[in-house]
>>> print(open('upload_30.csv').read())   # CSV, C-alpha atoms
chain,number,residue,atom,x,y,z
A,1,MET,CA,43.0,-73.7,57.6
A,2,ILE,CA,45.1,-70.9,56.0
A,3,PRO,CA,45.1,-70.9,52.2
A,4,GLU,CA,48.3,-70.4,50.2
A,5,PRO,CA,49.3,-66.7,49.8
A,6,ARG,CA,48.0,-66.2,46.3
A,7,LEU,CA,44.5,-67.1,47.4
A,8,LEU,CA,44.4,-64.5,50.1
A,9,ARG,CA,42.3,-61.4,49.6
A,10,GLY,CA,45.3,-59.1,49.4
A,11,ALA,CA,46.8,-61.0,46.4
A,12,LEU,CA,43.5,-60.6,44.5
A,13,GLN,CA,43.1,-56.9,44.7
A,14,GLY,CA,42.1,-55.4,41.4
A,15,ARG,CA,42.8,-58.7,39.5
A,16,LEU,CA,41.0,-60.5,36.7
A,17,ILE,CA,40.2,-64.2,36.6
A,18,VAL,CA,39.1,-65.5,33.2
A,19,SER,CA,36.4,-68.2,33.0
A,20,VAL,CA,37.5,-70.5,30.2
A,21,GLN,CA,34.5,-72.7,29.5
A,22,ALA,CA,32.6,-74.0,26.5
A,23,PRO,CA,29.1,-75.5,26.3
A,24,GLN,CA,28.4,-79.2,25.7
A,25,GLY,CA,28.6,-80.0,22.0
A,26,SER,CA,31.0,-77.2,21.1
A,27,PRO,CA,34.3,-77.9,19.4
A,28,MET,CA,35.7,-75.4,21.9
A,29,ARG,CA,35.3,-78.0,24.7
A,30,GLU,CA,38.4,-79.9,23.4
A,31,PRO,CA,40.8,-79.9,26.4
A,32,SER,CA,43.7,-78.6,24.2
A,33,VAL,CA,41.6,-75.7,23.1
A,34,ILE,CA,40.6,-74.8,26.7
A,35,ALA,CA,44.2,-75.1,27.7
A,36,ALA,CA,45.4,-72.8,24.9
A,37,MET,CA,42.8,-70.2,25.8
A,38,ALA,CA,43.8,-70.4,29.5
A,39,GLU,CA,47.4,-70.0,28.6
A,40,ALA,CA,46.6,-66.9,26.5
A,41,SER,CA,44.6,-65.4,29.3
A,42,LEU,CA,47.4,-65.9,31.8
A,43,ALA,CA,50.0,-64.6,29.4
A,44,GLN,CA,48.1,-61.3,29.1
A,45,GLY,CA,48.0,-60.8,32.9
A,46,ALA,CA,45.0,-62.7,34.2
A,47,VAL,CA,45.7,-63.7,37.8
A,48,GLY,CA,44.0,-67.1,37.3
A,49,VAL,CA,41.4,-69.1,35.3
A,50,ARG,CA,38.1,-70.7,36.2
A,51,LEU,CA,37.6,-74.1,34.7
A,52,GLU,CA,34.8,-76.6,34.5
A,53,SER,CA,35.4,-80.4,34.7
A,54,PRO,CA,38.3,-82.5,36.0
A,55,GLU,CA,39.4,-83.1,32.4
A,56,HIS,CA,39.8,-79.4,31.6
A,57,ILE,CA,41.5,-78.7,35.0
A,58,GLY,CA,44.0,-81.5,34.3
A,59,ALA,CA,44.7,-80.2,30.8
A,60,VAL,CA,45.4,-76.7,32.0
A,61,ARG,CA,47.5,-77.9,34.9
A,62,GLN,CA,49.7,-79.9,32.5
A,63,ARG,CA,50.1,-77.0,30.1
A,64,CYS,CA,50.4,-74.2,32.7
A,65,PRO,CA,51.9,-75.8,35.8
A,66,GLY,CA,51.9,-72.6,37.8
A,67,ALA,CA,48.4,-71.4,36.9
A,68,LEU,CA,46.0,-70.4,39.7
A,69,ILE,CA,43.0,-72.6,38.9
A,70,VAL,CA,39.5,-72.1,40.3
A,71,GLY,CA,37.9,-75.5,39.5
A,72,LEU,CA,34.3,-76.7,39.4
A,73,TRP,CA,32.3,-79.5,37.8
A,74,LYS,CA,28.8,-79.0,36.5
A,75,ARG,CA,26.6,-82.0,37.1
A,76,VAL,CA,22.8,-82.4,37.1
A,77,TYR,CA,21.0,-84.6,39.5
A,78,PRO,CA,17.2,-85.3,39.6
A,79,GLY,CA,15.2,-83.3,42.1
A,80,SER,CA,17.8,-80.5,42.6
A,81,SER,CA,18.7,-77.4,40.6
A,82,VAL,CA,22.1,-77.3,42.2
A,83,TYR,CA,24.7,-78.1,39.5
A,84,ILE,CA,28.0,-76.3,40.3
A,85,THR,CA,30.1,-78.9,42.1
A,86,PRO,CA,27.0,-80.1,44.0
A,87,GLY,CA,28.5,-82.8,46.2
A,88,TRP,CA,31.5,-84.5,47.8
A,89,GLU,CA,32.4,-86.7,44.8
A,90,GLU,CA,32.6,-83.6,42.5
A,91,VAL,CA,34.6,-81.6,45.0
A,92,ARG,CA,37.1,-84.5,45.5
A,93,ALA,CA,37.5,-85.0,41.7
A,94,VAL,CA,38.0,-81.3,41.0
A,95,TRP,CA,40.6,-81.1,43.8
A,96,ALA,CA,42.4,-84.2,42.6
A,97,ALA,CA,42.6,-82.9,39.1
A,98,GLY,CA,44.7,-79.9,40.3
A,99,ALA,CA,42.4,-77.0,41.3
A,100,ASP,CA,43.8,-74.5,43.8
A,101,ILE,CA,40.4,-73.6,45.0
A,102,VAL,CA,37.1,-75.4,44.4
A,103,ALA,CA,33.9,-73.4,43.5
A,104,ILE,CA,30.7,-74.8,44.9
A,105,ASP,CA,27.0,-73.8,44.8
A,106,ALA,CA,26.4,-72.2,48.2
A,107,THR,CA,22.8,-71.1,47.7
A,108,ALA,CA,19.9,-72.2,50.0
A,109,ARG,CA,18.5,-74.6,47.4
A,110,GLU,CA,17.9,-78.2,48.1
A,111,ARG,CA,21.0,-80.2,47.3
A,112,PRO,CA,21.1,-83.6,45.6
A,113,ASP,CA,20.2,-86.5,47.9
A,114,GLY,CA,19.3,-84.1,50.6
A,115,ASP,CA,22.9,-83.3,51.4
A,116,ASP,CA,23.7,-80.3,53.7
A,117,LEU,CA,25.9,-77.4,52.7
A,118,ALA,CA,27.4,-77.1,56.1
A,119,GLY,CA,28.1,-80.8,56.2
A,120,LEU,CA,29.8,-80.7,52.8
A,121,ILE,CA,32.0,-77.8,53.8
A,122,GLU,CA,33.0,-79.4,57.0
A,123,ARG,CA,33.9,-82.7,55.3
A,124,VAL,CA,36.0,-80.8,52.6
A,125,GLN,CA,37.9,-79.0,55.3
A,126,ARG,CA,38.4,-82.2,57.4
A,127,ASP,CA,39.3,-84.7,54.7
A,128,LEU,CA,40.8,-82.6,51.9
A,129,GLY,CA,41.8,-79.2,53.3
A,130,ALA,CA,40.7,-77.7,50.0
A,131,PRO,CA,39.9,-73.9,49.9
A,132,LEU,CA,36.4,-73.2,48.7
A,133,MET,CA,34.8,-70.4,46.6
A,134,ALA,CA,31.1,-70.0,47.4
A,135,ASP,CA,28.9,-69.3,44.4
A,136,VAL,CA,25.9,-67.4,45.8
A,137,ASP,CA,22.9,-65.5,44.8
A,138,SER,CA,22.2,-63.2,47.8
A,139,VAL,CA,23.9,-61.3,50.6
A,140,GLU,CA,22.4,-63.8,53.2
A,141,ASN,CA,23.8,-66.8,51.4
A,142,GLY,CA,27.2,-65.1,51.0
A,143,LEU,CA,27.5,-64.3,54.7
A,144,ARG,CA,26.4,-67.8,55.6
A,145,ALA,CA,29.0,-69.4,53.3
A,146,ALA,CA,31.8,-67.3,54.8
A,147,ALA,CA,30.7,-68.2,58.3
A,148,LEU,CA,30.8,-71.9,57.3
A,149,GLY,CA,34.4,-71.5,56.2
A,150,CYS,CA,34.5,-70.5,52.5
A,151,HIS,CA,37.5,-68.4,51.7
A,152,TRP,CA,36.0,-66.6,48.6
A,153,VAL,CA,32.4,-65.5,48.0
A,154,GLY,CA,31.3,-64.9,44.5
A,155,THR,CA,28.1,-63.4,43.1
A,156,THR,CA,28.0,-66.1,40.4
A,157,LEU,CA,24.5,-67.2,40.8
A,158,MET,CA,22.5,-64.0,41.3
A,159,GLY,CA,19.9,-64.1,38.5
A,160,TYR,CA,20.3,-67.8,38.0
A,161,THR,CA,18.4,-69.3,40.9
A,162,GLU,CA,14.6,-69.5,41.4
A,163,ALA,CA,14.7,-66.9,44.1
A,164,THR,CA,16.6,-64.4,41.9
A,165,ALA,CA,15.2,-65.1,38.5
A,166,HIS,CA,13.7,-61.6,38.4
A,167,GLN,CA,17.1,-60.1,38.8
A,168,ARG,CA,19.7,-59.5,36.1
A,169,PRO,CA,23.5,-59.7,36.6
A,170,PRO,CA,25.9,-58.1,37.2
A,171,ALA,CA,25.1,-58.2,41.0
A,172,TRP,CA,25.6,-54.5,41.7
A,173,ASP,CA,23.3,-54.6,44.7
A,174,LEU,CA,25.1,-57.4,46.4
A,175,LEU,CA,28.7,-56.1,46.3
A,176,PRO,CA,28.5,-53.1,48.8
A,177,PRO,CA,26.6,-54.9,51.5
A,178,LEU,CA,28.7,-58.1,51.1
A,179,ARG,CA,32.0,-56.2,51.4
A,180,LEU,CA,30.7,-54.3,54.4
A,181,GLN,CA,29.6,-57.4,56.3
A,182,LEU,CA,32.0,-60.2,55.2
A,183,PRO,CA,35.0,-60.9,57.4
A,184,PRO,CA,38.0,-58.8,56.4
A,185,GLU,CA,39.9,-61.9,55.3
A,186,THR,CA,37.2,-63.2,52.9
A,187,ALA,CA,37.7,-62.3,49.3
A,188,LEU,CA,34.7,-60.9,47.4
A,189,ILE,CA,34.5,-61.9,43.7
A,190,CYS,CA,32.2,-60.3,41.2
A,191,GLU,CA,31.1,-62.9,38.6
A,192,GLY,CA,28.2,-63.1,36.3
A,193,GLY,CA,27.1,-60.8,33.5
A,194,LEU,CA,30.2,-58.7,33.2
A,195,SER,CA,30.4,-57.8,29.5
A,196,SER,CA,32.8,-54.9,29.3
A,197,PRO,CA,36.0,-53.5,30.8
A,198,ASP,CA,33.9,-50.6,32.2
A,199,GLN,CA,31.7,-53.0,34.1
A,200,ALA,CA,34.7,-54.8,35.5
A,201,HIS,CA,36.1,-51.5,36.7
A,202,ARG,CA,32.7,-50.6,38.3
A,203,ALA,CA,32.7,-54.0,40.1
A,204,LEU,CA,36.0,-53.1,41.8
A,205,ALA,CA,34.6,-49.7,42.7
A,206,GLU,CA,31.5,-51.3,44.2
A,207,GLY,CA,33.6,-53.5,46.6
A,208,ALA,CA,34.8,-56.6,44.7
A,209,ASP,CA,38.4,-57.6,45.2
A,210,ALA,CA,38.6,-59.3,41.9
A,211,VAL,CA,36.3,-60.1,38.9
A,212,VAL,CA,35.6,-63.2,36.9
A,213,VAL,CA,34.8,-62.7,33.2
A,214,GLY,CA,33.9,-65.6,30.9
A,215,THR,CA,31.5,-65.2,28.0
A,216,ALA,CA,32.7,-61.7,27.1
A,217,ILE,CA,36.3,-63.0,26.6
A,218,THR,CA,36.2,-66.8,25.9
A,219,GLY,CA,32.5,-67.5,25.0
A,220,VAL,CA,32.9,-67.9,21.2
A,221,ASP,CA,29.7,-69.9,20.9
A,222,LEU,CA,27.5,-67.6,22.9
A,223,GLN,CA,29.0,-64.4,21.5
A,224,VAL,CA,28.5,-65.5,17.9
A,225,ALA,CA,24.9,-66.5,18.7
A,226,ALA,CA,24.2,-63.1,20.3
A,227,TYR,CA,25.5,-61.2,17.3
A,228,LEU,CA,23.5,-63.3,14.8
A,229,GLY,CA,20.4,-63.0,17.0
A,230,ARG,CA,20.6,-59.2,17.2
A,231,MET,CA,21.4,-58.9,13.5
A,232,ALA,CA,18.4,-61.1,12.6
A,233,ALA,CA,16.1,-59.0,14.8
A,234,GLY,CA,17.1,-55.9,13.0
A,235,ARG,CA,16.1,-57.0,9.5
>>> encode(input="upload_30.csv", output="structure tokens")
Amino acid sequence: MIPEPRLLRGALQGRLIVSVQAPQGSPMREPSVIAAMAEASLAQGAVGVRLESPEHIGAVRQRCPGALIVGLWKRVYPGSSVYITPGWEEVRAVWAAGADIVAIDATARERPDGDDLAGLIERVQRDLGAPLMADVDSVENGLRAAALGCHWVGTTLMGYTEATAHQRPPAWDLLPPLRLQLPPETALICEGGLSSPDQAHRALAEGADAVVVGTAITGVDLQVAAYLGRMAAGR
């Protein structure tokens, strides 16, 4: 399966993808607000946006028909810590909502209902033909995801899994070995913890083809909380 041209590694070189998300309970989760932030990001030159939930993907697709959308759906299941598009139903819903590429958890953690990552990827390829972005936490899991057929590999989950809880993103240590060992056609995306333009620049220098930035650009709730927390600590 060959993805459309704008999903190919060469089209992503040095580009920015903005993650336009908001936490549960925030007024920013209103689909029209998400769509407006996505449009603003694209208007300023972002190559694409990363969106959470079929509702938000649909809202952005309607407002920005030509947008490059990385879609996911965060859902929590008992007995598993995998929550980024964890299974077939979520992948299918994200794809149907209008995503161009679907982001999935591709770590080694146990999946809901004992599902198998390889089986999920095979089914997606067979039944949907949807390109996949693997959100990983290690070099090993990134290489495995690429071998299974994921077109993009992102460092999204380093520092957020049980095995990497002692590490803090950005995933500087993952980028050079991943770029060295991934197939030449696989796009490497640096995502997680990028908080400044200088860090985004460094990610490209370390081997990333593109970067995803979220909280530092669109995370109003978390940014305000961080400022207030630091100000209170200084009193």
>>> residues_around(input="upload_30.csv", residues="region 91-104 of chain A", least_positions_apart="5", cutoff="7 Å", atoms="only C-alpha atoms", output="PyMOL selection string")
chain A and resi 53-54+57-58+61+68-73+84-86+130-135
>>> residues_around(input="upload_30.csv", residues="region 26-34 of chain A", least_positions_apart="6", cutoff="7 Å", atoms="all atoms listed in the file", output="count of residues only")
4
>>> closest_residue(input="upload_30.csv", among="A:Leu175, A:Leu143, A:Leu188, A:Leu51", to="Leu8 (chain A)", atoms="all atoms listed in the file")
A:Leu188
>>> atom_distance(input="upload_30.csv", atom1="CA of Val18 (chain A)", atom2="CA of Glu140 (chain A)")
26.1 Å
>>> residues_near_point(input="upload_30.csv", point="(35.8, -54.9, 35.5)", cutoff="12 Å", atoms="all atoms listed in the file", output="PyMOL selection string")
chain A and resi 13-18+170+172+189-214+216
>>> residues_near_point(input="upload_30.csv", point="(19.3, -79.2, 48.5)", cutoff="12 Å", atoms="all atoms listed in the file", output="list of chain:residue names")
A:Tyr77, A:Pro78, A:Gly79, A:Ser80, A:Ser81, A:Val82, A:Tyr83, A:Pro86, A:Gly87, A:Asp105, A:Ala106, A:Thr107, A:Ala108, A:Arg109, A:Glu110, A:Arg111, A:Pro112, A:Asp113, A:Gly114, A:Asp115, A:Asp116, A:Leu117, A:Ala118, A:Gly119, A:Leu120
>>> closest_residue(input="upload_30.csv", among="A:Trp88, A:Pro65, A:Ser41, A:Ala35", to="Ile217 (chain A)", atoms="all atoms listed in the file")
A:Ser41
>>> closest_residue(input="upload_30.csv", among="A:Leu12, A:Leu222, A:Val153, A:Val49", to="Ser138 (chain A)", atoms="all atoms listed in the file")
A:Val153
>>> atom_distance(input="upload_30.csv", atom1="CA of Gln44 (chain A)", atom2="CA of Thr155 (chain A)")
24.5 Å
>>> atom_distance(input="upload_30.csv", atom1="CA of Arg230 (chain A)", atom2="CA of Ala22 (chain A)")
21.2 Å
>>> closest_residue(input="upload_30.csv", among="A:Ala163, A:Met37, A:Leu128, A:Ala46", to="Arg63 (chain A)", atoms="all atoms listed in the file")
A:Met37
>>> closest_residue(input="upload_30.csv", among="A:Gly149, A:Gly25, A:Gly142, A:Pro184", to="Asp221 (chain A)", atoms="only C-alpha atoms")
A:Gly25
>>> axis_aligned_box(input="upload_30.csv", around="region 104-123 of chain A", padding_each_side="3 Å", output="lines of an AutoDock Vina configuration file")
center_x = 25.9
center_y = -78.8
center_z = 50.9
size_x = 22.0
size_y = 21.4
size_z = 18.2
>>> closest_residue(input="upload_30.csv", among="A:Ala187, A:Leu157, A:Val124, A:Ala171", to="Ala11 (chain A)", atoms="only C-alpha atoms")
A:Ala187
>>> build_atoms(input="upload_30.csv", residues="region 79-99 of chain A", atoms="N, CA, C and O atoms", output="mmCIF file, in the coordinates of the input")
data_model
loop_
_atom_site.group_PDB
_atom_site.id
_atom_site.type_symbol
_atom_site.label_atom_id
_atom_site.label_comp_id
_atom_site.auth_asym_id
_atom_site.auth_seq_id
_atom_site.Cartn_x
_atom_site.Cartn_y
_atom_site.Cartn_z
ATOM 1 N N GLY A 79 15.791 -83.882 40.907
ATOM 2 C CA GLY A 79 15.200 -83.300 42.100
ATOM 3 C C GLY A 79 15.977 -82.177 42.738
ATOM 4 O O GLY A 79 15.631 -81.718 43.829
ATOM 5 N N SER A 80 17.030 -81.683 42.058
ATOM 6 C CA SER A 80 17.800 -80.500 42.600
ATOM 7 C C SER A 80 18.243 -79.664 41.426
ATOM 8 O O SER A 80 18.655 -80.159 40.375
ATOM 9 N N SER A 81 18.174 -78.354 41.634
ATOM 10 C CA SER A 81 18.700 -77.400 40.600
ATOM 11 C C SER A 81 20.099 -76.989 40.889
ATOM 12 O O SER A 81 20.661 -76.174 40.163
ATOM 13 N N VAL A 82 20.720 -77.548 41.923
ATOM 14 C CA VAL A 82 22.100 -77.300 42.200
ATOM 15 C C VAL A 82 22.984 -78.083 41.253
ATOM 16 O O VAL A 82 22.839 -79.310 41.154
ATOM 17 N N TYR A 83 23.872 -77.404 40.521
ATOM 18 C CA TYR A 83 24.700 -78.100 39.500
ATOM 19 C C TYR A 83 26.170 -77.755 39.556
ATOM 20 O O TYR A 83 26.982 -78.431 38.925
ATOM 21 N N ILE A 84 26.564 -76.709 40.242
ATOM 22 C CA ILE A 84 28.000 -76.300 40.300
ATOM 23 C C ILE A 84 28.638 -77.087 41.456
ATOM 24 O O ILE A 84 28.391 -76.788 42.622
ATOM 25 N N THR A 85 29.441 -78.085 41.119
ATOM 26 C CA THR A 85 30.100 -78.900 42.100
ATOM 27 C C THR A 85 29.179 -79.259 43.251
ATOM 28 O O THR A 85 29.405 -78.855 44.391
ATOM 29 N N PRO A 86 28.122 -80.003 42.971
ATOM 30 C CA PRO A 86 27.000 -80.100 44.000
ATOM 31 C C PRO A 86 27.355 -80.985 45.184
ATOM 32 O O PRO A 86 26.706 -80.812 46.215
ATOM 33 N N GLY A 87 28.320 -81.907 45.101
ATOM 34 C CA GLY A 87 28.500 -82.800 46.200
ATOM 35 C C GLY A 87 29.973 -83.214 46.440
ATOM 36 O O GLY A 87 30.900 -82.747 45.760
ATOM 37 N N TRP A 88 30.150 -84.106 47.383
ATOM 38 C CA TRP A 88 31.500 -84.500 47.800
ATOM 39 C C TRP A 88 32.274 -85.159 46.649
ATOM 40 O O TRP A 88 33.453 -84.862 46.488
ATOM 41 N N GLU A 89 31.667 -86.031 45.863
ATOM 42 C CA GLU A 89 32.400 -86.700 44.800
ATOM 43 C C GLU A 89 32.935 -85.681 43.783
ATOM 44 O O GLU A 89 34.060 -85.812 43.288
ATOM 45 N N GLU A 90 32.135 -84.665 43.487
ATOM 46 C CA GLU A 90 32.600 -83.600 42.500
ATOM 47 C C GLU A 90 33.710 -82.802 43.126
ATOM 48 O O GLU A 90 34.694 -82.497 42.442
ATOM 49 N N VAL A 91 33.576 -82.420 44.384
ATOM 50 C CA VAL A 91 34.600 -81.600 45.000
ATOM 51 C C VAL A 91 35.940 -82.435 45.024
ATOM 52 O O VAL A 91 37.010 -81.914 44.683
ATOM 53 N N ARG A 92 35.857 -83.682 45.395
ATOM 54 C CA ARG A 92 37.100 -84.500 45.500
ATOM 55 C C ARG A 92 37.721 -84.664 44.096
ATOM 56 O O ARG A 92 38.947 -84.595 43.983
ATOM 57 N N ALA A 93 36.915 -84.840 43.047
ATOM 58 C CA ALA A 93 37.500 -85.000 41.700
ATOM 59 C C ALA A 93 38.117 -83.719 41.203
ATOM 60 O O ALA A 93 39.185 -83.748 40.577
ATOM 61 N N VAL A 94 37.480 -82.582 41.470
ATOM 62 C CA VAL A 94 38.000 -81.300 41.000
ATOM 63 C C VAL A 94 39.355 -81.017 41.763
ATOM 64 O O VAL A 94 40.331 -80.563 41.156
ATOM 65 N N TRP A 95 39.397 -81.306 43.053
ATOM 66 C CA TRP A 95 40.600 -81.100 43.800
ATOM 67 C C TRP A 95 41.735 -82.016 43.353
ATOM 68 O O TRP A 95 42.875 -81.590 43.194
ATOM 69 N N ALA A 96 41.400 -83.273 43.104
ATOM 70 C CA ALA A 96 42.400 -84.200 42.600
ATOM 71 C C ALA A 96 42.943 -83.887 41.264
ATOM 72 O O ALA A 96 44.092 -84.198 40.948
ATOM 73 N N ALA A 97 42.130 -83.217 40.451
ATOM 74 C CA ALA A 97 42.600 -82.900 39.100
ATOM 75 C C ALA A 97 43.582 -81.726 39.079
ATOM 76 O O ALA A 97 44.254 -81.514 38.076
ATOM 77 N N GLY A 98 43.679 -80.975 40.201
ATOM 78 C CA GLY A 98 44.700 -79.900 40.300
ATOM 79 C C GLY A 98 44.206 -78.533 40.529
ATOM 80 O O GLY A 98 44.974 -77.577 40.383
ATOM 81 N N ALA A 99 42.948 -78.381 40.940
ATOM 82 C CA ALA A 99 42.400 -77.000 41.300
ATOM 83 C C ALA A 99 43.110 -76.511 42.530
ATOM 84 O O ALA A 99 43.454 -77.277 43.428
#
